[in-house]
$ cat start-v4.cif   # mmCIF, C-alpha atoms
data_coords
#
loop_
_atom_site.label_atom_id
_atom_site.label_comp_id
_atom_site.auth_asym_id
_atom_site.auth_seq_id
_atom_site.Cartn_x
_atom_site.Cartn_y
_atom_site.Cartn_z
CA MET A 1 -73.97 -14.30 -87.76
CA THR A 2 -76.76 -11.76 -87.18
CA ASP A 3 -76.41 -8.40 -85.43
CA THR A 4 -79.10 -5.92 -84.43
CA LEU A 5 -78.85 -2.26 -85.34
CA LYS A 6 -79.88 0.62 -83.12
CA ASN A 7 -83.35 0.73 -84.64
CA GLY A 8 -83.91 -2.96 -83.87
CA THR A 9 -83.62 -4.11 -87.48
CA PRO A 10 -81.68 -7.37 -87.94
CA GLN A 11 -78.30 -6.99 -89.58
CA ILE A 12 -76.73 -10.03 -91.18
CA ASP A 13 -72.94 -10.07 -91.10
CA LEU A 14 -71.58 -10.99 -94.53
CA ASP A 15 -68.66 -12.78 -92.91
CA ALA A 16 -66.88 -12.67 -89.59
CA GLN A 17 -63.46 -13.28 -91.20
CA SER A 18 -63.10 -10.07 -93.19
CA GLU A 19 -59.41 -10.61 -93.89
CA ALA A 20 -60.36 -13.28 -96.45
CA TYR A 21 -62.29 -10.77 -98.57
CA PRO A 22 -60.92 -8.70 -101.49
CA LEU A 23 -62.58 -5.49 -100.31
CA CYS A 24 -62.98 -4.63 -96.63
CA VAL A 25 -64.48 -1.45 -95.18
CA LYS A 26 -64.08 -0.78 -91.47
CA ASP A 27 -65.89 2.01 -89.56
CA VAL A 28 -65.77 4.40 -92.51
CA ALA A 29 -67.18 7.91 -92.16
CA TYR A 30 -67.20 10.83 -94.55
CA THR A 31 -67.89 14.53 -94.10
CA TYR A 32 -67.75 17.03 -96.93
CA PRO A 33 -65.09 19.76 -96.50
CA HIS A 34 -66.38 22.63 -94.34
CA ALA A 35 -69.61 20.72 -93.57
CA ARG A 36 -70.75 20.14 -90.01
CA ASN A 37 -72.62 16.87 -90.40
CA ALA A 38 -71.27 13.59 -91.75
CA VAL A 39 -72.78 12.11 -94.91
CA PHE A 40 -72.42 8.75 -93.20
CA GLU A 41 -70.39 7.19 -90.43
CA HIS A 42 -69.51 3.80 -88.92
CA ILE A 43 -70.11 1.82 -92.13
CA SER A 44 -68.38 -1.56 -92.26
CA LEU A 45 -68.58 -4.02 -95.13
CA ASP A 46 -66.78 -7.18 -96.24
CA ALA A 47 -67.34 -7.76 -99.97
CA PRO A 48 -66.70 -11.31 -101.23
CA ALA A 49 -65.41 -12.45 -104.61
CA GLY A 50 -67.78 -13.97 -107.13
CA LYS A 51 -70.79 -12.05 -105.83
CA MET A 52 -72.83 -8.99 -106.85
CA LEU A 53 -73.56 -6.67 -103.96
CA ALA A 54 -76.27 -4.05 -104.44
CA ILE A 55 -76.32 -0.82 -102.45
CA LEU A 56 -79.91 0.37 -102.08
CA GLY A 57 -81.19 3.49 -100.39
CA ASN A 58 -83.25 6.63 -100.51
CA ASN A 59 -82.22 9.68 -102.53
CA GLY A 60 -79.44 11.55 -100.77
CA ALA A 61 -78.45 8.56 -98.65
CA GLY A 62 -74.78 8.92 -99.66
CA LYS A 63 -74.60 5.91 -102.01
CA SER A 64 -72.57 7.54 -104.80
CA THR A 65 -70.23 9.18 -102.29
CA PHE A 66 -69.67 5.77 -100.71
CA LEU A 67 -68.72 4.34 -104.12
CA ASP A 68 -66.20 7.18 -104.60
CA LEU A 69 -64.55 6.07 -101.35
CA LEU A 70 -64.49 2.42 -102.42
CA ALA A 71 -62.88 3.39 -105.72
CA GLY A 72 -60.21 5.46 -103.98
CA ILE A 73 -61.37 8.70 -105.61
CA THR A 74 -62.27 10.24 -102.25
CA LYS A 75 -60.59 9.59 -98.91
CA PRO A 76 -62.73 8.74 -95.88
CA SER A 77 -62.77 11.14 -92.95
CA GLU A 78 -62.43 8.14 -90.65
CA GLY A 79 -61.97 4.39 -90.97
CA THR A 80 -60.07 2.17 -93.39
CA ILE A 81 -60.63 0.57 -96.78
CA THR A 82 -58.41 -2.32 -97.82
CA VAL A 83 -58.01 -4.12 -101.14
CA ASP A 84 -56.44 -7.57 -100.89
CA GLY A 85 -55.26 -6.62 -97.41
CA ALA A 86 -53.54 -3.39 -98.53
CA SER A 87 -54.83 0.05 -97.60
CA ILE A 88 -56.33 1.68 -100.69
CA SER A 89 -54.68 4.95 -99.67
CA ARG A 90 -51.24 3.38 -100.13
CA LEU A 91 -51.85 2.13 -103.67
CA SER A 92 -50.52 4.14 -106.59
CA ARG A 93 -53.03 5.16 -109.25
CA ARG A 94 -51.72 2.42 -111.52
CA GLU A 95 -51.90 -0.21 -108.78
CA ALA A 96 -55.43 0.84 -107.88
CA ALA A 97 -56.52 0.76 -111.54
CA GLN A 98 -55.13 -2.76 -111.92
CA ARG A 99 -57.44 -3.88 -109.11
CA ILE A 100 -60.50 -1.62 -109.29
CA ALA A 101 -62.66 -0.57 -112.25
CA TYR A 102 -65.25 2.13 -111.64
CA VAL A 103 -68.10 3.14 -113.93
CA ALA A 104 -69.44 6.43 -112.60
CA GLN A 105 -72.98 7.68 -113.15
CA GLN A 106 -71.77 10.75 -115.07
CA GLN A 107 -69.19 10.16 -117.81
CA THR A 108 -67.40 12.47 -120.21
CA ILE A 109 -68.41 11.44 -123.72
CA PRO A 110 -65.24 11.15 -125.80
CA HIS A 111 -64.88 11.53 -129.56
CA LEU A 112 -63.32 8.08 -129.78
CA SER A 113 -64.37 4.94 -131.54
CA VAL A 114 -65.99 2.28 -129.41
CA TYR A 115 -62.95 0.06 -129.94
CA ASP A 116 -60.48 2.74 -128.80
CA GLU A 117 -62.62 3.62 -125.77
CA VAL A 118 -62.74 -0.01 -124.63
CA LEU A 119 -59.01 -0.33 -125.34
CA LEU A 120 -58.42 2.41 -122.74
CA GLY A 121 -59.42 -0.19 -120.17
CA ARG A 122 -56.11 -1.93 -120.86
CA LYS A 123 -54.04 1.18 -120.01
CA PRO A 124 -53.17 0.12 -116.42
CA HIS A 125 -51.71 -3.14 -117.77
CA ILE A 126 -49.81 -1.86 -120.84
CA THR A 127 -46.11 -1.32 -120.18
CA TRP A 128 -44.87 -0.49 -123.68
CA ALA A 129 -47.24 -1.31 -126.53
CA VAL A 130 -50.62 -2.91 -127.10
CA THR A 131 -50.24 -6.68 -127.36
CA GLU A 132 -52.32 -9.33 -129.08
CA LYS A 133 -53.57 -10.39 -125.66
CA ASP A 134 -54.79 -6.84 -125.03
CA ARG A 135 -56.70 -6.91 -128.31
CA GLU A 136 -58.24 -10.29 -127.48
CA ILE A 137 -59.44 -8.98 -124.11
CA VAL A 138 -60.94 -5.89 -125.77
CA ALA A 139 -62.72 -8.03 -128.35
CA GLN A 140 -64.15 -10.24 -125.60
CA ALA A 141 -65.39 -7.21 -123.65
CA ILE A 142 -67.05 -5.74 -126.75
CA ALA A 143 -68.70 -9.08 -127.54
CA GLY A 144 -69.85 -9.46 -123.94
CA MET A 145 -71.81 -6.20 -124.23
CA GLU A 146 -73.02 -7.11 -127.75
CA LEU A 147 -71.32 -4.07 -129.24
CA GLU A 148 -69.67 -5.70 -132.26
CA ALA A 149 -71.82 -3.69 -134.69
CA PHE A 150 -70.66 -0.44 -133.06
CA THR A 151 -66.91 -1.13 -132.95
CA LEU A 152 -65.96 1.63 -135.42
CA ARG A 153 -68.71 4.08 -134.40
CA TYR A 154 -67.79 7.14 -132.33
CA CYS A 155 -69.01 7.18 -128.75
CA ASP A 156 -70.52 10.67 -129.10
CA GLU A 157 -72.71 9.34 -131.93
CA LEU A 158 -74.30 6.65 -129.78
CA SER A 159 -77.44 6.70 -127.67
CA GLY A 160 -77.13 7.02 -123.90
CA GLY A 161 -77.81 3.32 -123.43
CA GLU A 162 -75.26 2.30 -126.03
CA ARG A 163 -72.62 4.53 -124.45
CA GLN A 164 -73.32 3.02 -121.04
CA LYS A 165 -72.64 -0.44 -122.44
CA VAL A 166 -69.35 0.85 -123.90
CA PHE A 167 -68.24 2.19 -120.50
CA ILE A 168 -69.05 -1.15 -118.86
CA ALA A 169 -67.13 -2.98 -121.59
CA ARG A 170 -64.14 -0.69 -120.92
CA ALA A 171 -64.33 -1.59 -117.22
CA LEU A 172 -64.42 -5.31 -118.00
CA ALA A 173 -61.45 -4.93 -120.36
CA GLN A 174 -59.57 -3.53 -117.39
CA GLN A 175 -59.76 -7.06 -115.87
CA PRO A 176 -60.20 -5.77 -112.33
CA LYS A 177 -60.65 -7.77 -109.18
CA ILE A 178 -63.25 -5.26 -107.98
CA LEU A 179 -65.94 -3.83 -110.28
CA ILE A 180 -67.84 -0.77 -109.03
CA LEU A 181 -70.84 0.61 -110.92
CA ASP A 182 -73.03 3.60 -110.11
CA GLU A 183 -76.51 3.18 -111.63
CA PRO A 184 -75.31 1.07 -114.59
CA THR A 185 -78.85 0.66 -115.98
CA SER A 186 -80.10 4.25 -115.58
CA ALA A 187 -80.02 5.04 -119.33
CA LEU A 188 -81.20 1.66 -120.55
CA ASP A 189 -84.59 0.38 -121.68
CA PRO A 190 -85.95 -2.77 -119.94
CA LYS A 191 -84.48 -5.18 -122.53
CA ASN A 192 -81.01 -3.66 -122.24
CA GLN A 193 -81.28 -3.43 -118.44
CA VAL A 194 -81.74 -7.19 -118.27
CA GLU A 195 -79.03 -7.89 -120.86
CA VAL A 196 -76.47 -5.64 -119.18
CA LEU A 197 -77.09 -6.94 -115.66
CA LYS A 198 -76.98 -10.52 -116.92
CA ALA A 199 -73.64 -9.78 -118.61
CA ILE A 200 -72.32 -8.21 -115.40
CA ARG A 201 -73.57 -11.15 -113.33
CA ASP A 202 -72.01 -13.67 -115.72
CA ALA A 203 -68.68 -11.81 -115.67
CA THR A 204 -68.82 -11.60 -111.87
CA HIS A 205 -69.33 -15.33 -111.46
CA GLU A 206 -67.02 -16.47 -114.26
CA ARG A 207 -64.12 -14.12 -113.37
CA ASN A 208 -64.70 -14.29 -109.61
CA LEU A 209 -65.10 -10.51 -109.42
CA THR A 210 -66.15 -8.54 -106.39
CA THR A 211 -68.94 -6.46 -107.92
CA ILE A 212 -70.59 -3.58 -106.07
CA LEU A 213 -73.30 -1.50 -107.70
CA VAL A 214 -75.78 1.17 -106.75
CA LEU A 215 -79.28 0.58 -108.12
CA HIS A 216 -82.52 2.48 -107.72
CA ASP A 217 -84.58 -0.41 -109.09
CA ILE A 218 -85.13 -2.77 -106.15
CA ASN A 219 -86.51 -5.50 -108.37
CA LEU A 220 -83.51 -5.55 -110.70
CA ALA A 221 -81.34 -5.87 -107.60
CA LEU A 222 -83.47 -8.74 -106.26
CA ARG A 223 -83.31 -10.51 -109.61
CA PHE A 224 -79.59 -10.26 -110.29
CA CYS A 225 -77.70 -9.55 -107.07
CA ASP A 226 -76.49 -11.93 -104.37
CA LEU A 227 -75.95 -9.53 -101.46
CA PHE A 228 -77.42 -6.25 -100.31
CA LEU A 229 -76.51 -3.18 -98.26
CA LEU A 230 -79.51 -0.98 -97.40
CA ILE A 231 -78.85 2.63 -96.36
CA ARG A 232 -81.20 5.30 -95.07
CA ASP A 233 -79.84 8.87 -94.76
CA GLY A 234 -76.27 7.65 -94.27
CA ASN A 235 -77.16 4.92 -91.77
CA VAL A 236 -77.00 1.20 -92.48
CA VAL A 237 -80.44 -0.39 -92.16
CA THR A 238 -79.34 -3.95 -92.88
CA ARG A 239 -76.93 -6.02 -94.94
CA GLY A 240 -76.77 -9.62 -96.07
CA GLY A 241 -78.30 -11.98 -98.61
CA HIS A 242 -81.87 -12.16 -99.86
CA GLU A 243 -83.01 -12.87 -96.33
CA ALA A 244 -82.07 -9.27 -95.46
CA ILE A 245 -84.69 -7.92 -97.86
CA THR A 246 -87.96 -7.87 -95.95
CA GLU A 247 -91.02 -5.65 -96.01
CA GLU A 248 -89.75 -4.12 -92.76
CA THR A 249 -86.23 -3.32 -93.98
CA LEU A 250 -87.56 -1.88 -97.25
CA ALA A 251 -90.04 0.31 -95.38
CA THR A 252 -87.29 1.57 -93.08
CA THR A 253 -84.99 2.27 -96.04
CA TYR A 254 -87.44 4.07 -98.30
CA GLY A 255 -89.98 5.47 -95.86
CA THR A 256 -92.95 3.75 -97.51
CA GLU A 257 -94.65 0.39 -97.14
CA PHE A 258 -93.86 -2.53 -99.43
CA GLU A 259 -95.34 -5.93 -100.15
CA LEU A 260 -92.96 -8.71 -101.18
CA VAL A 261 -94.43 -11.21 -103.63
CA THR A 262 -92.97 -13.93 -105.83
CA ILE A 263 -93.59 -13.91 -109.58
CA GLY A 264 -92.16 -16.70 -111.70
CA GLY A 265 -89.87 -17.71 -108.85
CA VAL A 266 -88.41 -14.19 -108.61
CA PRO A 267 -89.06 -11.95 -105.54
CA VAL A 268 -90.72 -8.64 -106.39
CA ALA A 269 -91.09 -5.62 -104.10
CA VAL A 270 -94.34 -3.70 -104.68
CA PRO A 271 -94.88 -0.31 -102.97
CA ARG A 272 -98.22 -0.23 -101.20
CA ILE A 273 -100.67 2.53 -102.04
CA ILE A 274 -101.10 4.68 -98.97
#
$ encode --input "start-v4.cif" --output "structure tokens"
Amino acid sequence: MTDTLKNGTPQIDLDAQSEAYPLCVKDVAYTYPHARNAVFEHISLDAPAGKMLAILGNNGAGKSTFLDLLAGITKPSEGTITVDGASISRLSRREAAQRIAYVAQQQTIPHLSVYDEVLLGRKPHITWAVTEKDREIVAQAIAGMELEAFTLRYCDELSGGERQKVFIARALAQQPKILILDEPTSALDPKNQVEVLKAIRDATHERNLTTILVLHDINLALRFCDLFLLIRDGNVVTRGGHEAITEETLATTYGTEFELVTIGGVPVAVPRII
């Protein structure tokens, strides 16, 4: 199903039957306290399981604020957000943490070993003591991020990229249904960017996760993600699969011209020199 936005850009509905989706956003708006203008308004989104959905947009578009709403950290000024059909506002912190894992862009760096930091991801599921199953899940998460050699190292002794992989491993150890990541590759070199996004994609498909991430790198999004939400200054430009990413929608989103080319079977967006 395809809709048309006010600016005439095609919008591709992710699914007309939103009740079947783990995460549903309906007409959400948010305004900072004491501010006059909304950061964004009338955003709706149905996020499916087993898919990676990238949120792309210009600086200041409200992407990180939108993730805070999806994670239940901030309440929307208007609209509803439901997880498995239940309003996120009605979930306890423990119930929300059992369903949603969030890796924020800015993290407090703890003086904990990598193992203990990843083990914290099991906290929403532990009722009395750490079990053997908990330890197996932690070991799998550490291996998935290729952190075995750092298990006993302290997080505040690691590089920024290594710490980012630890935080993602902690989120995966949480075994959420919904995985939310804000700029998960921002501190990583190209090799680690590819490795981390591949690990996230594999976990998304294998565990049937609903994964939503903000990325600034359009080409990493095109390479690894299945679905896209493009935002310009708080307004939705378009949403959908790869067909939603066109030279027109990219130009509208970022305010500059792009050329879409294919290299090695992978679409690449190249900004045009003006």
$ residues_around --input "start-v4.cif" --residues "Thr82 in chain A" --least-positions-apart "2" --cutoff "10 Å" --atoms "only C-alpha atoms" --output "ChimeraX atom specification"
/A:19,21-26,46,70,80,84-91
$ residues_around --input "start-v4.cif" --residues "Asp116 in chain A" --least-positions-apart "2" --cutoff "12 Å" --atoms "all atoms listed in the file" --output "list in words"
Pro110, His111, Leu112, Ser113, Val114, Val118, Leu119, Leu120, Gly121, Arg122, Lys123, Val130, Asp134, Arg135, Val138, Ala139, Ile142, Phe150, Thr151, Leu152, Arg153, Tyr154, Cys155, Val166, Phe167, Ala169, Arg170 and Ala173 of chain A
$ residues_around --input "start-v4.cif" --residues "range 176-185 of chain A" --least-positions-apart "4" --cutoff "7 Å" --atoms "all atoms listed in the file" --output "list in words"
Ser64, Gln98, Arg99, Ile100, Ala101, Tyr102, Val103, Ala104, Gln105, Gln193, Leu209, Thr210, Thr211, Ile212, Leu213, Val214 and Leu215 of chain A
$ closest_residue --input "start-v4.cif" --among "A:Ile245, A:Met52, A:Leu158, A:Leu250" --to "Arg232 in chain A" --atoms "all atoms listed in the file"
A:Leu250
$ residues_around --input "start-v4.cif" --residues "range 40-43 of chain A" --least-positions-apart "6" --cutoff "9 Å" --atoms "all atoms listed in the file" --output "mmCIF file with C-alpha atoms, keeping the file's coordinate frame"
data_model
loop_
_atom_site.group_PDB
_atom_site.id
_atom_site.type_symbol
_atom_site.label_atom_id
_atom_site.label_comp_id
_atom_site.auth_asym_id
_atom_site.auth_seq_id
_atom_site.Cartn_x
_atom_site.Cartn_y
_atom_site.Cartn_z
ATOM 1 C CA VAL A 25 -64.480 -1.450 -95.180
ATOM 2 C CA LYS A 26 -64.080 -0.780 -91.470
ATOM 3 C CA ASP A 27 -65.890 2.010 -89.560
ATOM 4 C CA VAL A 28 -65.770 4.400 -92.510
ATOM 5 C CA ALA A 29 -67.180 7.910 -92.160
ATOM 6 C CA TYR A 30 -67.200 10.830 -94.550
ATOM 7 C CA THR A 31 -67.890 14.530 -94.100
ATOM 8 C CA ALA A 61 -78.450 8.560 -98.650
ATOM 9 C CA GLY A 62 -74.780 8.920 -99.660
ATOM 10 C CA PHE A 66 -69.670 5.770 -100.710
ATOM 11 C CA SER A 77 -62.770 11.140 -92.950
ATOM 12 C CA GLU A 78 -62.430 8.140 -90.650
ATOM 13 C CA GLY A 79 -61.970 4.390 -90.970
ATOM 14 C CA ASP A 233 -79.840 8.870 -94.760
ATOM 15 C CA GLY A 234 -76.270 7.650 -94.270
ATOM 16 C CA ASN A 235 -77.160 4.920 -91.770
ATOM 17 C CA VAL A 236 -77.000 1.200 -92.480
#
$ closest_residue --input "start-v4.cif" --among "A:Gln175, A:Thr108, A:Ser159, A:Thr262" --to "Ala203 in chain A" --atoms "only C-alpha atoms"
A:Gln175
$ residues_around --input "start-v4.cif" --residues "Gly255 in chain A" --least-positions-apart "5" --cutoff "12 Å" --atoms "all atoms listed in the file" --output "JSON, numbers by chain"
{"A": [57, 58, 59, 231, 232, 233, 237, 247, 248, 249, 250, 271, 272, 274]}
$ decode --input "start-v4.cif" --residues "range 143-163 of chain A" --atoms "N, CA and C atoms" --output "short mmCIF file (atom, residue, chain, number, x, y, z; two decimals), in the first residue's frame"
data_model
loop_
_atom_site.label_atom_id
_atom_site.label_comp_id
_atom_site.auth_asym_id
_atom_site.auth_seq_id
_atom_site.Cartn_x
_atom_site.Cartn_y
_atom_site.Cartn_z
N ALA A 143 30.62 -13.82 22.57
CA ALA A 143 31.18 -14.44 21.36
C ALA A 143 30.64 -13.79 20.10
N GLY A 144 29.36 -13.42 20.13
CA GLY A 144 28.73 -12.81 18.97
C GLY A 144 29.36 -11.48 18.59
N MET A 145 29.91 -10.77 19.58
CA MET A 145 30.59 -9.50 19.34
C MET A 145 32.11 -9.67 19.28
N GLU A 146 32.56 -10.94 19.30
CA GLU A 146 33.99 -11.26 19.22
C GLU A 146 34.78 -10.57 20.33
N LEU A 147 34.27 -10.70 21.54
CA LEU A 147 34.88 -10.04 22.70
C LEU A 147 35.52 -11.03 23.67
N GLU A 148 35.70 -12.26 23.25
CA GLU A 148 36.22 -13.28 24.17
C GLU A 148 37.56 -12.86 24.80
N ALA A 149 38.41 -12.22 24.01
CA ALA A 149 39.73 -11.83 24.51
C ALA A 149 39.66 -10.70 25.53
N PHE A 150 38.50 -10.06 25.64
CA PHE A 150 38.36 -8.91 26.55
C PHE A 150 37.51 -9.24 27.77
N THR A 151 37.13 -10.48 27.95
CA THR A 151 36.17 -10.87 28.98
C THR A 151 36.52 -10.33 30.36
N LEU A 152 37.79 -10.40 30.74
CA LEU A 152 38.21 -9.99 32.09
C LEU A 152 38.77 -8.58 32.13
N ARG A 153 38.79 -7.89 30.99
CA ARG A 153 39.25 -6.50 30.95
C ARG A 153 38.16 -5.57 31.50
N TYR A 154 38.57 -4.44 32.05
CA TYR A 154 37.60 -3.46 32.54
C TYR A 154 37.13 -2.57 31.39
N CYS A 155 35.85 -2.23 31.43
CA CYS A 155 35.27 -1.45 30.33
C CYS A 155 35.95 -0.10 30.17
N ASP A 156 36.37 0.53 31.30
CA ASP A 156 36.99 1.84 31.20
C ASP A 156 38.44 1.77 30.74
N GLU A 157 38.93 0.57 30.43
CA GLU A 157 40.25 0.40 29.85
C GLU A 157 40.19 0.15 28.34
N LEU A 158 38.99 0.05 27.81
CA LEU A 158 38.83 -0.31 26.40
C LEU A 158 38.73 0.93 25.53
N SER A 159 38.94 0.73 24.24
CA SER A 159 38.74 1.82 23.27
C SER A 159 37.24 2.08 23.12
N GLY A 160 36.92 3.22 22.50
CA GLY A 160 35.50 3.55 22.31
C GLY A 160 34.78 2.50 21.49
N GLY A 161 35.43 1.99 20.46
CA GLY A 161 34.81 0.97 19.62
C GLY A 161 34.59 -0.33 20.36
N GLU A 162 35.57 -0.72 21.19
CA GLU A 162 35.44 -1.95 21.97
C GLU A 162 34.31 -1.82 22.99
N ARG A 163 34.21 -0.66 23.61
CA ARG A 163 33.13 -0.45 24.59
C ARG A 163 31.77 -0.52 23.91
#
